[in-house]
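J.: my_file21.csv is reproduced below (CSV, C-alpha atoms and all ligand atoms).
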chain,number,residue,atom,x,y,z
A,1,MET,CA,103.5,93.2,345.4
A,2,PRO,CA,105.2,93.7,342.1
A,3,ARG,CA,105.2,97.1,340.5
A,4,PRO,CA,101.9,97.5,338.6
A,5,VAL,CA,103.5,97.9,335.2
A,6,LEU,CA,102.2,95.1,332.9
A,7,SER,CA,102.1,94.1,329.3
A,8,THR,CA,99.2,92.1,327.9
A,9,ILE,CA,99.3,90.2,324.7
A,10,HIS,CA,95.9,89.8,323.0
A,11,ILE,CA,95.5,86.5,321.2
A,12,ALA,CA,92.1,87.3,319.7
A,13,ALA,CA,93.6,90.4,318.2
A,14,LEU,CA,96.4,88.5,316.6
A,15,ARG,CA,93.9,86.1,315.1
A,16,HIS,CA,91.8,89.0,313.9
A,17,ASN,CA,94.8,90.7,312.2
A,18,LEU,CA,95.8,87.5,310.5
A,19,LEU,CA,92.3,87.4,309.1
A,20,VAL,CA,92.5,90.9,307.8
A,21,ILE,CA,95.6,89.9,305.9
A,22,ARG,CA,93.9,86.8,304.6
A,23,GLN,CA,91.0,88.9,303.4
A,24,VAL,CA,93.2,91.4,301.5
A,25,ALA,CA,95.5,88.7,300.0
A,26,ALA,CA,92.9,86.0,299.6
A,27,HIS,CA,94.9,83.9,297.1
A,28,ALA,CA,98.3,84.1,298.8
A,29,ARG,CA,99.7,82.0,301.5
A,30,VAL,CA,100.8,83.9,304.6
A,31,TRP,CA,104.2,83.9,306.4
A,32,ALA,CA,103.6,85.2,309.8
A,33,ILE,CA,106.8,87.1,310.5
A,34,VAL,CA,107.9,86.5,314.1
A,35,LYS,CA,111.4,87.8,314.0
A,36,ALA,CA,112.7,89.8,317.0
A,37,ASN,CA,110.9,87.5,319.3
A,38,ALA,CA,107.6,88.2,317.5
A,39,TYR,CA,108.2,91.9,317.5
A,40,GLY,CA,108.8,91.9,321.2
A,41,HIS,CA,105.6,90.0,322.0
A,42,GLY,CA,107.3,86.6,322.6
A,43,ILE,CA,107.1,83.8,320.1
A,44,GLU,CA,105.6,81.4,322.6
A,45,ARG,CA,103.0,83.9,323.5
A,46,VAL,CA,101.8,84.7,320.0
A,47,PHE,CA,101.9,81.2,318.7
A,48,GLU,CA,98.3,80.4,319.5
A,49,GLY,CA,97.1,83.5,317.8
A,50,LEU,CA,99.1,83.0,314.7
A,51,ARG,CA,99.1,79.3,314.2
A,52,GLY,CA,96.5,79.8,311.5
A,53,ALA,CA,99.3,81.2,309.2
A,54,ASP,CA,100.8,79.0,306.5
A,55,GLY,CA,104.3,79.4,307.8
A,56,PHE,CA,106.6,81.4,310.2
A,57,GLY,CA,109.3,83.8,309.0
A,58,LEU,CA,112.1,84.7,311.3
A,59,LEU,CA,115.9,85.3,311.4
A,60,ASP,CA,117.4,83.6,314.4
A,61,LEU,CA,118.0,79.9,314.3
A,62,ASP,CA,117.1,79.9,318.0
A,63,GLU,CA,113.7,81.2,317.2
A,64,ALA,CA,113.2,78.5,314.5
A,65,VAL,CA,114.0,75.9,317.2
A,66,ARG,CA,111.5,77.5,319.5
A,67,VAL,CA,108.8,77.4,316.8
A,68,ARG,CA,109.5,73.7,316.2
A,69,GLN,CA,109.3,73.1,320.0
A,70,MET,CA,105.9,74.6,320.0
A,71,GLY,CA,104.9,71.7,317.8
A,72,TRP,CA,104.8,73.6,314.5
A,73,ARG,CA,105.4,71.1,311.6
A,74,GLY,CA,104.7,73.5,308.8
A,75,PRO,CA,107.1,75.8,306.9
A,76,ILE,CA,109.6,78.0,308.6
A,77,LEU,CA,111.6,80.4,306.6
A,78,LEU,CA,114.9,82.0,307.7
A,79,LEU,CA,114.6,85.4,306.2
A,80,GLU,CA,118.4,86.1,306.1
A,81,GLY,CA,119.3,82.5,305.4
A,82,VAL,CA,122.2,80.9,307.2
A,83,PHE,CA,125.1,82.7,308.7
A,84,GLU,CA,127.7,79.9,308.7
A,85,GLN,CA,128.1,76.4,307.2
A,86,ARG,CA,127.0,74.5,310.2
A,87,ASP,CA,123.6,76.3,310.3
A,88,LEU,CA,122.7,74.2,307.3
A,89,GLU,CA,122.8,71.1,309.5
A,90,LEU,CA,120.0,72.6,311.6
A,91,CYS,CA,118.1,73.4,308.5
A,92,SER,CA,118.3,69.8,307.4
A,93,ARG,CA,117.4,68.5,310.8
A,94,LEU,CA,114.4,70.8,311.4
A,95,ASN,CA,113.4,71.1,307.8
A,96,LEU,CA,113.9,74.9,307.7
A,97,TRP,CA,113.5,76.7,304.4
A,98,HIS,CA,116.1,79.4,304.0
A,99,THR,CA,116.8,82.5,302.0
A,100,VAL,CA,119.8,82.5,299.7
A,101,HIS,CA,121.0,86.1,299.2
A,102,CYS,CA,124.7,85.8,298.3
A,103,ASP,CA,127.3,83.6,296.6
A,104,GLU,CA,128.8,82.5,299.9
A,105,GLN,CA,125.5,80.9,300.9
A,106,ILE,CA,125.4,79.0,297.6
A,107,HIS,CA,128.9,77.7,298.3
A,108,MET,CA,127.9,76.6,301.7
A,109,LEU,CA,125.0,74.7,300.2
A,110,ALA,CA,127.2,73.1,297.6
A,111,THR,CA,129.4,71.5,300.3
A,112,HIS,CA,126.6,70.6,302.6
A,113,LYS,CA,125.8,67.0,303.2
A,114,THR,CA,122.1,66.3,303.4
A,115,GLU,CA,119.8,63.5,302.5
A,116,VAL,CA,116.8,65.8,302.0
A,117,PRO,CA,117.2,68.6,299.6
A,118,HIS,CA,116.4,72.1,300.9
A,119,ARG,CA,113.6,74.4,299.9
A,120,VAL,CA,115.2,77.8,299.3
A,121,PHE,CA,114.1,81.4,298.6
A,122,LEU,CA,116.4,83.1,296.3
A,123,LYS,CA,116.5,86.8,297.1
A,124,MET,CA,116.8,89.6,294.6
A,125,ASN,CA,118.1,93.0,295.4
A,126,SER,CA,115.6,95.0,293.3
A,127,GLY,CA,116.6,98.3,294.7
A,128,MET,CA,116.6,98.1,298.5
A,129,ASN,CA,120.3,97.5,298.5
A,130,ARG,CA,120.5,95.5,301.6
A,131,LEU,CA,120.4,91.7,300.8
A,132,GLY,CA,120.2,89.9,297.6
A,133,PHE,CA,121.6,89.3,294.1
A,134,ARG,CA,121.4,92.2,291.8
A,135,PRO,CA,119.0,91.6,288.8
A,136,GLU,CA,121.9,91.1,286.4
A,137,HIS,CA,123.3,88.3,288.5
A,138,TYR,CA,120.1,86.8,289.6
A,139,ARG,CA,119.4,84.3,286.9
A,140,ALA,CA,123.0,82.9,287.0
A,141,ALA,CA,122.6,82.4,290.7
A,142,TRP,CA,119.3,80.6,290.1
A,143,THR,CA,121.0,78.3,287.6
A,144,ARG,CA,123.8,77.5,290.0
A,145,LEU,CA,121.4,76.8,292.8
A,146,ASN,CA,119.2,74.7,290.6
A,147,ALA,CA,122.1,72.5,289.6
A,148,LEU,CA,122.8,71.6,293.3
A,149,PRO,CA,121.6,68.2,294.5
A,150,GLN,CA,121.2,69.9,297.9
A,151,VAL,CA,118.5,72.1,296.6
A,152,ASP,CA,114.8,71.2,296.1
A,153,GLU,CA,112.4,73.9,294.9
A,154,ILE,CA,113.6,77.5,294.4
A,155,SER,CA,111.2,80.3,295.2
A,156,MET,CA,111.9,83.9,294.3
A,157,MET,CA,111.7,86.8,296.7
A,158,THR,CA,112.5,90.5,297.0
A,159,HIS,CA,111.8,93.2,299.6
A,160,PHE,CA,110.4,96.6,299.0
A,161,SER,CA,112.0,99.8,300.4
A,162,ASP,CA,108.9,102.1,300.0
A,163,ALA,CA,105.8,100.0,300.2
A,164,ASP,CA,104.6,102.4,302.9
A,165,GLY,CA,105.4,105.7,301.1
A,166,ASP,CA,104.8,107.8,298.1
A,167,LYS,CA,107.6,106.3,296.1
A,168,GLY,CA,105.7,103.0,296.0
A,169,VAL,CA,107.0,99.7,294.6
A,170,GLN,CA,106.4,100.0,290.8
A,171,HIS,CA,110.1,100.3,290.0
A,172,GLN,CA,111.2,97.4,292.1
A,173,MET,CA,108.2,95.3,291.0
A,174,GLN,CA,109.0,95.8,287.4
A,175,ILE,CA,112.7,94.9,287.9
A,176,PHE,CA,111.7,91.8,289.8
A,177,ASN,CA,109.1,90.6,287.3
A,178,SER,CA,111.2,91.2,284.3
A,179,THR,CA,114.1,89.3,285.8
A,180,VAL,CA,112.2,86.3,287.1
A,181,GLN,CA,109.9,86.2,284.1
A,182,ASP,CA,109.7,82.5,283.0
A,183,LEU,CA,111.6,81.0,285.9
A,184,PRO,CA,109.5,78.3,287.6
A,185,GLY,CA,108.8,78.7,291.3
A,186,GLU,CA,106.8,80.6,293.8
A,187,ARG,CA,107.1,84.4,294.3
A,188,SER,CA,107.1,86.5,297.5
A,189,PHE,CA,107.5,90.2,297.8
A,190,CYS,CA,104.8,91.8,300.0
A,191,ASN,CA,105.5,93.0,303.6
A,192,SER,CA,102.6,94.4,305.6
A,193,ALA,CA,102.5,97.7,303.8
A,194,ALA,CA,102.5,96.2,300.4
A,195,THR,CA,99.8,93.6,301.4
A,196,LEU,CA,97.5,96.2,302.8
A,197,ARG,CA,98.0,98.6,299.9
A,198,LEU,CA,97.9,96.0,297.1
A,199,ASP,CA,95.2,97.9,295.1
A,200,GLU,CA,96.8,101.3,295.6
A,201,LEU,CA,100.2,100.0,294.6
A,202,GLY,CA,98.7,98.2,291.6
A,203,ILE,CA,100.4,94.9,292.3
A,204,ASP,CA,99.2,91.3,293.0
A,205,ALA,CA,100.1,89.6,296.3
A,206,GLY,CA,102.3,86.9,294.7
A,207,ASP,CA,102.3,83.4,296.2
A,208,TRP,CA,103.4,84.2,299.7
A,209,VAL,CA,102.9,87.5,301.6
A,210,ARG,CA,105.1,88.3,304.5
A,211,PRO,CA,103.3,90.5,307.0
A,212,GLY,CA,104.9,91.4,310.3
A,213,ILE,CA,103.8,94.7,311.8
A,214,ALA,CA,100.2,94.4,310.7
A,215,LEU,CA,99.7,91.2,312.6
A,216,TYR,CA,100.8,93.1,315.7
A,217,GLY,CA,98.1,95.8,315.2
A,218,SER,CA,100.3,98.7,314.2
A,219,SER,CA,99.8,100.5,310.9
A,220,PRO,CA,102.7,100.1,308.5
A,221,ASP,CA,102.0,103.5,307.0
A,222,ALA,CA,101.1,105.6,310.1
A,223,PRO,CA,100.1,108.3,310.3
A,224,VAL,CA,98.7,108.3,306.8
A,225,HIS,CA,96.5,105.4,307.8
A,226,THR,CA,95.9,104.4,311.3
A,227,ALA,CA,95.6,100.9,312.6
A,228,ALA,CA,91.8,101.5,312.8
A,229,ASP,CA,91.7,102.5,309.2
A,230,TRP,CA,93.2,99.1,308.3
A,231,SER,CA,90.8,97.4,310.8
A,232,LEU,CA,93.8,96.2,312.8
A,233,GLN,CA,93.5,95.6,316.5
A,234,SER,CA,96.2,96.2,319.2
A,235,THR,CA,97.9,93.0,320.2
A,236,MET,CA,100.1,94.5,323.0
A,237,THR,CA,98.8,96.6,325.8
A,238,LEU,CA,101.3,98.4,328.1
A,239,SER,CA,99.5,99.4,331.3
A,240,SER,CA,100.3,100.5,334.8
A,241,LYS,CA,98.7,102.4,337.7
A,242,ILE,CA,98.9,105.7,339.4
A,243,ILE,CA,101.2,105.4,342.4
A,244,GLY,CA,101.3,109.1,343.5
A,245,ILE,CA,99.4,112.4,343.0
A,246,GLN,CA,100.8,115.9,343.3
A,247,SER,CA,99.0,119.2,343.3
A,248,LEU,CA,101.0,121.8,341.5
A,249,GLN,CA,100.6,125.6,341.9
A,250,LYS,CA,101.0,127.8,338.9
A,251,GLY,CA,104.8,128.2,338.1
A,252,GLU,CA,105.8,124.9,339.7
A,253,SER,CA,107.6,122.2,337.6
A,254,VAL,CA,107.5,118.5,337.5
A,255,GLY,CA,110.3,115.9,337.0
A,256,TYR,CA,114.0,116.1,335.9
A,257,GLY,CA,115.2,119.2,334.2
A,258,SER,CA,112.0,121.0,335.2
A,259,THR,CA,111.0,120.9,331.5
A,260,PHE,CA,107.3,121.2,332.3
A,261,VAL,CA,106.1,124.2,334.2
A,262,ALA,CA,102.4,124.5,335.3
A,263,ASP,CA,100.7,127.6,333.8
A,264,LYS,CA,97.8,127.1,336.3
A,265,SER,CA,97.1,124.9,339.3
A,266,MET,CA,97.2,121.3,338.2
A,267,LEU,CA,96.8,117.8,339.4
A,268,ILE,CA,99.6,115.4,338.4
A,269,GLY,CA,99.5,111.6,338.4
A,270,VAL,CA,102.7,109.7,339.0
A,271,VAL,CA,102.7,106.5,337.0
A,272,ALA,CA,104.8,103.3,337.6
A,273,CYS,CA,106.4,103.1,334.2
A,274,GLY,CA,109.6,104.6,332.8
A,275,TYR,CA,112.2,104.1,330.2
A,276,ALA,CA,113.6,101.0,332.0
A,277,ASP,CA,110.3,99.4,331.1
A,278,GLY,CA,110.6,100.3,327.4
A,279,TYR,CA,108.5,103.4,327.4
A,280,PRO,CA,110.4,105.8,325.2
A,281,ARG,CA,112.3,108.6,326.9
A,282,HIS,CA,111.8,110.7,323.8
A,283,CYS,CA,108.1,111.0,324.7
A,284,SER,CA,107.6,114.3,326.5
A,285,THR,CA,104.8,116.7,327.3
A,286,GLY,CA,101.8,116.0,325.0
A,287,THR,CA,102.1,112.3,324.5
A,288,PRO,CA,98.6,110.8,324.8
A,289,VAL,CA,97.9,108.4,327.7
A,290,LEU,CA,94.6,106.9,329.1
A,291,VAL,CA,93.6,107.2,332.7
A,292,ASN,CA,90.7,104.9,333.5
A,293,GLY,CA,90.2,104.8,329.7
A,294,VAL,CA,90.0,108.6,329.5
A,295,ARG,CA,92.5,110.4,327.3
A,296,THR,CA,94.9,112.9,328.7
A,297,GLN,CA,98.6,113.6,328.3
A,298,MET,CA,102.0,113.0,329.7
A,299,VAL,CA,103.8,116.0,331.1
A,300,GLY,CA,107.5,116.5,331.8
A,301,ARG,CA,110.3,114.0,331.2
A,302,VAL,CA,110.0,110.3,331.4
A,303,SER,CA,112.3,109.0,334.1
A,304,MET,CA,113.7,105.5,334.6
A,305,ASP,CA,110.8,104.1,336.6
A,306,MET,CA,108.1,106.7,336.5
A,307,LEU,CA,106.4,109.2,334.3
A,308,THR,CA,103.9,111.9,335.1
A,309,VAL,CA,100.5,112.6,333.6
A,310,ASP,CA,98.0,115.5,333.7
A,311,LEU,CA,95.0,114.6,335.7
A,312,THR,CA,93.5,118.1,335.6
A,313,PRO,CA,91.1,117.4,332.7
A,314,LEU,CA,89.6,114.4,334.6
A,315,GLN,CA,89.3,116.6,337.7
A,316,VAL,CA,87.5,119.3,335.8
A,317,ALA,CA,85.2,116.7,334.2
A,318,GLY,CA,84.4,115.4,337.7
A,319,LEU,CA,85.7,111.9,336.9
A,320,GLN,CA,86.9,109.4,339.4
A,321,PHE,CA,90.6,108.7,339.8
A,322,GLY,CA,93.1,108.1,342.5
A,323,ILE,CA,96.1,106.0,343.6
A,324,GLY,CA,95.7,102.7,341.8
A,325,SER,CA,93.7,104.1,338.8
A,326,GLU,CA,94.4,102.3,335.6
A,327,ILE,CA,96.9,103.8,333.2
A,328,THR,CA,97.1,102.7,329.5
A,329,LEU,CA,100.4,103.7,328.0
A,330,TRP,CA,99.4,102.0,324.7
A,331,GLY,CA,96.8,99.4,323.7
A,332,ASN,CA,93.5,98.6,325.3
A,333,ALA,CA,91.9,100.1,328.4
A,334,LYS,CA,89.4,98.0,330.4
A,335,SER,CA,86.7,100.4,329.2
A,336,GLY,CA,87.4,99.4,325.6
A,337,ALA,CA,89.1,102.7,324.8
A,338,VAL,CA,92.1,102.2,322.6
A,339,LEU,CA,95.4,104.2,322.4
A,340,SER,CA,97.3,103.1,319.3
A,341,ILE,CA,101.0,102.4,319.9
A,342,ASP,CA,101.5,104.4,316.6
A,343,GLU,CA,100.4,107.6,318.4
A,344,VAL,CA,102.9,107.1,321.2
A,345,ALA,CA,105.6,106.2,318.6
A,346,LYS,CA,104.9,109.4,316.7
A,347,SER,CA,105.5,111.4,319.9
A,348,ALA,CA,108.8,109.7,320.3
A,349,GLY,CA,109.8,110.3,316.7
A,350,THR,CA,109.8,106.6,315.9
A,351,VAL,CA,107.6,103.8,314.7
A,352,GLY,CA,105.4,101.2,316.5
A,353,TYR,CA,107.9,98.5,315.5
A,354,GLU,CA,110.6,100.0,317.8
A,355,LEU,CA,108.3,100.4,320.8
A,356,MET,CA,107.1,96.8,320.6
A,357,CYS,CA,110.6,95.4,320.2
A,358,ALA,CA,111.9,97.5,323.1
A,359,LEU,CA,109.5,96.3,325.7
A,360,ALA,CA,111.8,95.6,328.6
A,361,GLN,CA,112.6,92.2,330.1
A,362,ARG,CA,111.5,93.4,333.6
A,363,VAL,CA,107.9,94.0,332.5
A,364,PRO,CA,105.7,91.0,333.4
A,365,VAL,CA,103.6,89.8,330.5
A,366,LEU,CA,100.1,88.4,330.7
A,367,VAL,CA,98.6,86.5,327.8
A,368,ASP,CA,94.9,87.3,327.3
A,369,ASP,CA,93.5,84.4,325.4
A,370,ASN,CA,89.9,85.4,325.8
A,371,LEU,CA,88.1,84.2,322.7
A,372,ALA,CA,86.0,87.3,322.4
A,373,SER,CA,87.7,89.9,320.3
A,401,LIG,C1,110.6,92.1,308.7
A,401,LIG,C2,110.4,91.6,307.3
A,401,LIG,C3,109.1,91.5,306.8
A,401,LIG,C4,107.9,92.1,307.5
A,401,LIG,O1,107.9,93.5,307.5
A,401,LIG,P1,106.6,94.3,308.1
A,401,LIG,O2,106.9,95.7,307.7
A,401,LIG,O3,106.7,94.2,309.6
A,401,LIG,O4,105.4,93.7,307.6
A,401,LIG,C5,108.9,91.0,305.5
A,401,LIG,N1,109.9,90.5,304.8
A,401,LIG,C6,111.2,90.5,305.3
A,401,LIG,C7,112.3,90.0,304.4
A,401,LIG,C8,111.4,91.1,306.5
A,401,LIG,O5,112.7,91.1,306.9
Show me the file's structure as structure tokens.
Ligand SMILES: *Cc1c(COP(=O)(O)O)cnc(C)c1O

T.:
Amino acid sequence: MPRPVLSTIHIAALRHNLLVIRQVAAHARVWAIVKANAYGHGIERVFEGLRGADGFGLLDLDEAVRVRQMGWRGPILLLEGVFEQRDLELCSRLNLWHTVHCDEQIHMLATHKTEVPHRVFLKMNSGMNRLGFRPEHYRAAWTRLNALPQVDEISMMTHFSDADGDKGVQHQMQIFNSTVQDLPGERSFCNSAATLRLDELGIDAGDWVRPGIALYGSSPDAPVHTAADWSLQSTMTLSSKIIGIQSLQKGESVGYGSTFVADKSMLIGVVACGYADGYPRHCSTGTPVLVNGVRTQMVGRVSMDMLTVDLTPLQVAGLQFGIGSEITLWGNAKSGAVLSIDEVAKSAGTVGYELMCALAQRVPVLVDDNLAS
């Protein structure tokens, strides 16, 4: 029998989360962002849940090939554009739209031989200072691109650094709008946080929104708002089972480094899941976990293949548990109880994004395509 650790991808939840985005940005088209192998979910696994989007945004050319192989004929956008000249051949062949963020990419296009002109998204650096043309160079870049026979329509995009925080996006929005002003073409600037917070941020959605994390049921501005606050549903469950139980006397410790010492007699459940499965080692005593859908906490250090949970509260409450009991590390328990990945991420000092993306190769994945959500 395989180890009981298991990840489950919930198709109905992906569909639901896409609908949430559609409701808040009713007039925009939606790029479902599936970079990093659909935030660790697996592009092929999420496809059915997200095929209602208007396009797929990603970075790796390999991932674009995979989306085409799934039969997707609609738009695909390379969010970082091409990395070298010959990538443009694939763009021509597979009809990939691509970001243009630097002069070198314009030069590559200018020498590219293609029968069909490319749809491009010209990226502005409006303050994030990662990719894009600075506002003072943007219009000149637009003019050069527009003069190329290799280029079809030019859309305009930028990316916000603080859509999830107090600083907000006003400054970047104003720079973007005043620079693109009268230029013809579609506009795209909202990630998940900006899309969900449109009203609060005082912006419109533009022509295309680019949600990633919200589609995967994690709150972009946790812990200010939880996933439930945004009506988002977990799309990834990490579950396992209890494989051992230990009774501790007061003063005894559990796990490496003896970091947790029992202050009373306790019952400890040993769970088949560790950092080699992608569960963060930075989680320590206090991280929430569900046993048969009932909330308790992790104790001691996470080891490579195991972690330990406090079963005492279940024992005190007279609840049933034992070897083989269901453990929910994040996501949905069979009972319907939910443990948001954001809570676990917070305990590890990180964000839901990182935990999803770090799910280990060795964890088997089940796709739950039950229509009921
Ligand atoms: C990753 C990414 C997004 C999606 O961001 P989320 O915070 O996951 O919604 C949007 N736009 C660009 C350019 C990205 O790289």

J.: Neighbours of ligand LIG 401 (chain A) at 10 Å or closer, counting only C-alpha atoms and all ligand atoms: which residues, as a ChimeraX atom specification?

T.: /A:31-36,38-39,57-59,77-80,99,123,131,157-161,163-164,188-196,209-216,218-221,352-353

J.: Choose the residue, out of A:Ile21, A:Leu232, A:Ala358, A:Met156, that has the smallest atom-to-atom separation from Gly206 of chain A; count only C-alpha atoms.

T.: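 Using only C-alpha atoms, Gly206 of chain A sits closest to A:Met156.
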
J.: As a list in words, please: the residues near segment 147-150 of chain A (cut-off 6 Å, all atoms listed in the file, same-chain neighbours under 2 positions excluded).

T.: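 In the requested format, the answer is Pro117, Arg144 and Leu145 of chain A.
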
J.: Selected residues, C-alpha atoms, written as a PDB file, keeping the file's coordinate frame, please.

T.:
ATOM      1  CA  PRO A 117     117.200  68.600 299.600  1.00  0.00           C
ATOM      2  CA  ARG A 144     123.800  77.500 290.000  1.00  0.00           C
ATOM      3  CA  LEU A 145     121.400  76.800 292.800  1.00  0.00           C
TER       4      LEU A 145
END

J.: Between A:Cys102, A:Val299, A:Met236, A:Ala205, which residue has the minimum interatomic distance to Arg134 of chain A, considering all atoms listed in the file?

T.: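 Answer, going by the shortest atom-to-atom distance: A:Cys102.
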
J.: Looking at A:Arg301, A:His107, A:His118, A:His282, which one is nearest to Arg93 of chain A, with distances taken over only C-alpha atoms?

T.: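 So, comparing all the options, the nearest one is A:His118.
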
J.: For a quick check of understanding, using all atoms listed in the file, which of A:Asn37, A:Trp208, A:Thr308, A:Thr237 has the smallest distance to Leu366 of chain A?

T.: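 The answer is A:Thr237, which sits nearest to Leu366 of chain A.
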
J.: Can you fill out segment 256-263 of chain A with all heavy atoms and hand it back as a PDB file, in the frame of the given file?

T.:
ATOM      1  N   TYR A 256     112.591 115.682 336.196  1.00  0.00           N
ATOM      2  CA  TYR A 256     114.000 116.100 335.900  1.00  0.00           C
ATOM      3  C   TYR A 256     114.027 117.212 334.881  1.00  0.00           C
ATOM      4  O   TYR A 256     113.271 117.222 333.900  1.00  0.00           O
ATOM      5  CB  TYR A 256     114.739 114.889 335.308  1.00  0.00           C
ATOM      6  CG  TYR A 256     115.102 113.829 336.323  1.00  0.00           C
ATOM      7  CD1 TYR A 256     114.639 112.529 336.174  1.00  0.00           C
ATOM      8  CD2 TYR A 256     115.925 114.125 337.407  1.00  0.00           C
ATOM      9  CE1 TYR A 256     114.975 111.539 337.084  1.00  0.00           C
ATOM     10  CE2 TYR A 256     116.264 113.146 338.330  1.00  0.00           C
ATOM     11  CZ  TYR A 256     115.788 111.857 338.169  1.00  0.00           C
ATOM     12  OH  TYR A 256     116.116 110.885 339.072  1.00  0.00           O
ATOM     13  N   GLY A 257     114.916 118.109 335.115  1.00  0.00           N
ATOM     14  CA  GLY A 257     115.200 119.200 334.200  1.00  0.00           C
ATOM     15  C   GLY A 257     114.083 120.269 334.216  1.00  0.00           C
ATOM     16  O   GLY A 257     114.163 121.259 333.479  1.00  0.00           O
ATOM     17  N   SER A 258     113.085 120.082 335.064  1.00  0.00           N
ATOM     18  CA  SER A 258     112.000 121.000 335.200  1.00  0.00           C
ATOM     19  C   SER A 258     111.490 121.491 333.806  1.00  0.00           C
ATOM     20  O   SER A 258     111.233 122.670 333.563  1.00  0.00           O
ATOM     21  CB  SER A 258     112.423 122.284 335.981  1.00  0.00           C
ATOM     22  OG  SER A 258     112.879 121.886 337.252  1.00  0.00           O
ATOM     23  N   THR A 259     111.347 120.524 332.875  1.00  0.00           N
ATOM     24  CA  THR A 259     111.000 120.900 331.500  1.00  0.00           C
ATOM     25  C   THR A 259     109.514 121.294 331.392  1.00  0.00           C
ATOM     26  O   THR A 259     109.140 121.998 330.462  1.00  0.00           O
ATOM     27  CB  THR A 259     111.214 119.714 330.528  1.00  0.00           C
ATOM     28  OG1 THR A 259     110.501 118.572 331.016  1.00  0.00           O
ATOM     29  CG2 THR A 259     112.690 119.381 330.412  1.00  0.00           C
ATOM     30  N   PHE A 260     108.696 120.838 332.324  1.00  0.00           N
ATOM     31  CA  PHE A 260     107.300 121.200 332.300  1.00  0.00           C
ATOM     32  C   PHE A 260     106.964 122.127 333.465  1.00  0.00           C
ATOM     33  O   PHE A 260     107.212 121.769 334.616  1.00  0.00           O
ATOM     34  CB  PHE A 260     106.370 120.006 332.309  1.00  0.00           C
ATOM     35  CG  PHE A 260     104.915 120.372 332.297  1.00  0.00           C
ATOM     36  CD1 PHE A 260     104.270 120.716 331.121  1.00  0.00           C
ATOM     37  CD2 PHE A 260     104.188 120.431 333.492  1.00  0.00           C
ATOM     38  CE1 PHE A 260     102.931 121.086 331.115  1.00  0.00           C
ATOM     39  CE2 PHE A 260     102.855 120.805 333.493  1.00  0.00           C
ATOM     40  CZ  PHE A 260     102.225 121.133 332.298  1.00  0.00           C
ATOM     41  N   VAL A 261     106.425 123.280 333.165  1.00  0.00           N
ATOM     42  CA  VAL A 261     106.100 124.200 334.200  1.00  0.00           C
ATOM     43  C   VAL A 261     104.543 124.468 334.136  1.00  0.00           C
ATOM     44  O   VAL A 261     104.020 124.769 333.052  1.00  0.00           O
ATOM     45  CB  VAL A 261     106.828 125.550 334.062  1.00  0.00           C
ATOM     46  CG1 VAL A 261     106.420 126.543 335.154  1.00  0.00           C
ATOM     47  CG2 VAL A 261     108.339 125.304 334.109  1.00  0.00           C
ATOM     48  N   ALA A 262     103.865 124.311 335.255  1.00  0.00           N
ATOM     49  CA  ALA A 262     102.400 124.500 335.300  1.00  0.00           C
ATOM     50  C   ALA A 262     102.047 125.945 335.021  1.00  0.00           C
ATOM     51  O   ALA A 262     102.621 126.846 335.625  1.00  0.00           O
ATOM     52  CB  ALA A 262     101.853 124.036 336.627  1.00  0.00           C
ATOM     53  N   ASP A 263     101.109 126.186 334.100  1.00  0.00           N
ATOM     54  CA  ASP A 263     100.700 127.600 333.800  1.00  0.00           C
ATOM     55  C   ASP A 263      99.402 127.885 334.607  1.00  0.00           C
ATOM     56  O   ASP A 263      98.813 128.946 334.446  1.00  0.00           O
ATOM     57  CB  ASP A 263     100.522 127.803 332.328  1.00  0.00           C
ATOM     58  CG  ASP A 263      99.455 126.900 331.720  1.00  0.00           C
ATOM     59  OD1 ASP A 263      98.870 126.065 332.458  1.00  0.00           O
ATOM     60  OD2 ASP A 263      99.216 127.011 330.501  1.00  0.00           O
TER      61      ASP A 263
END
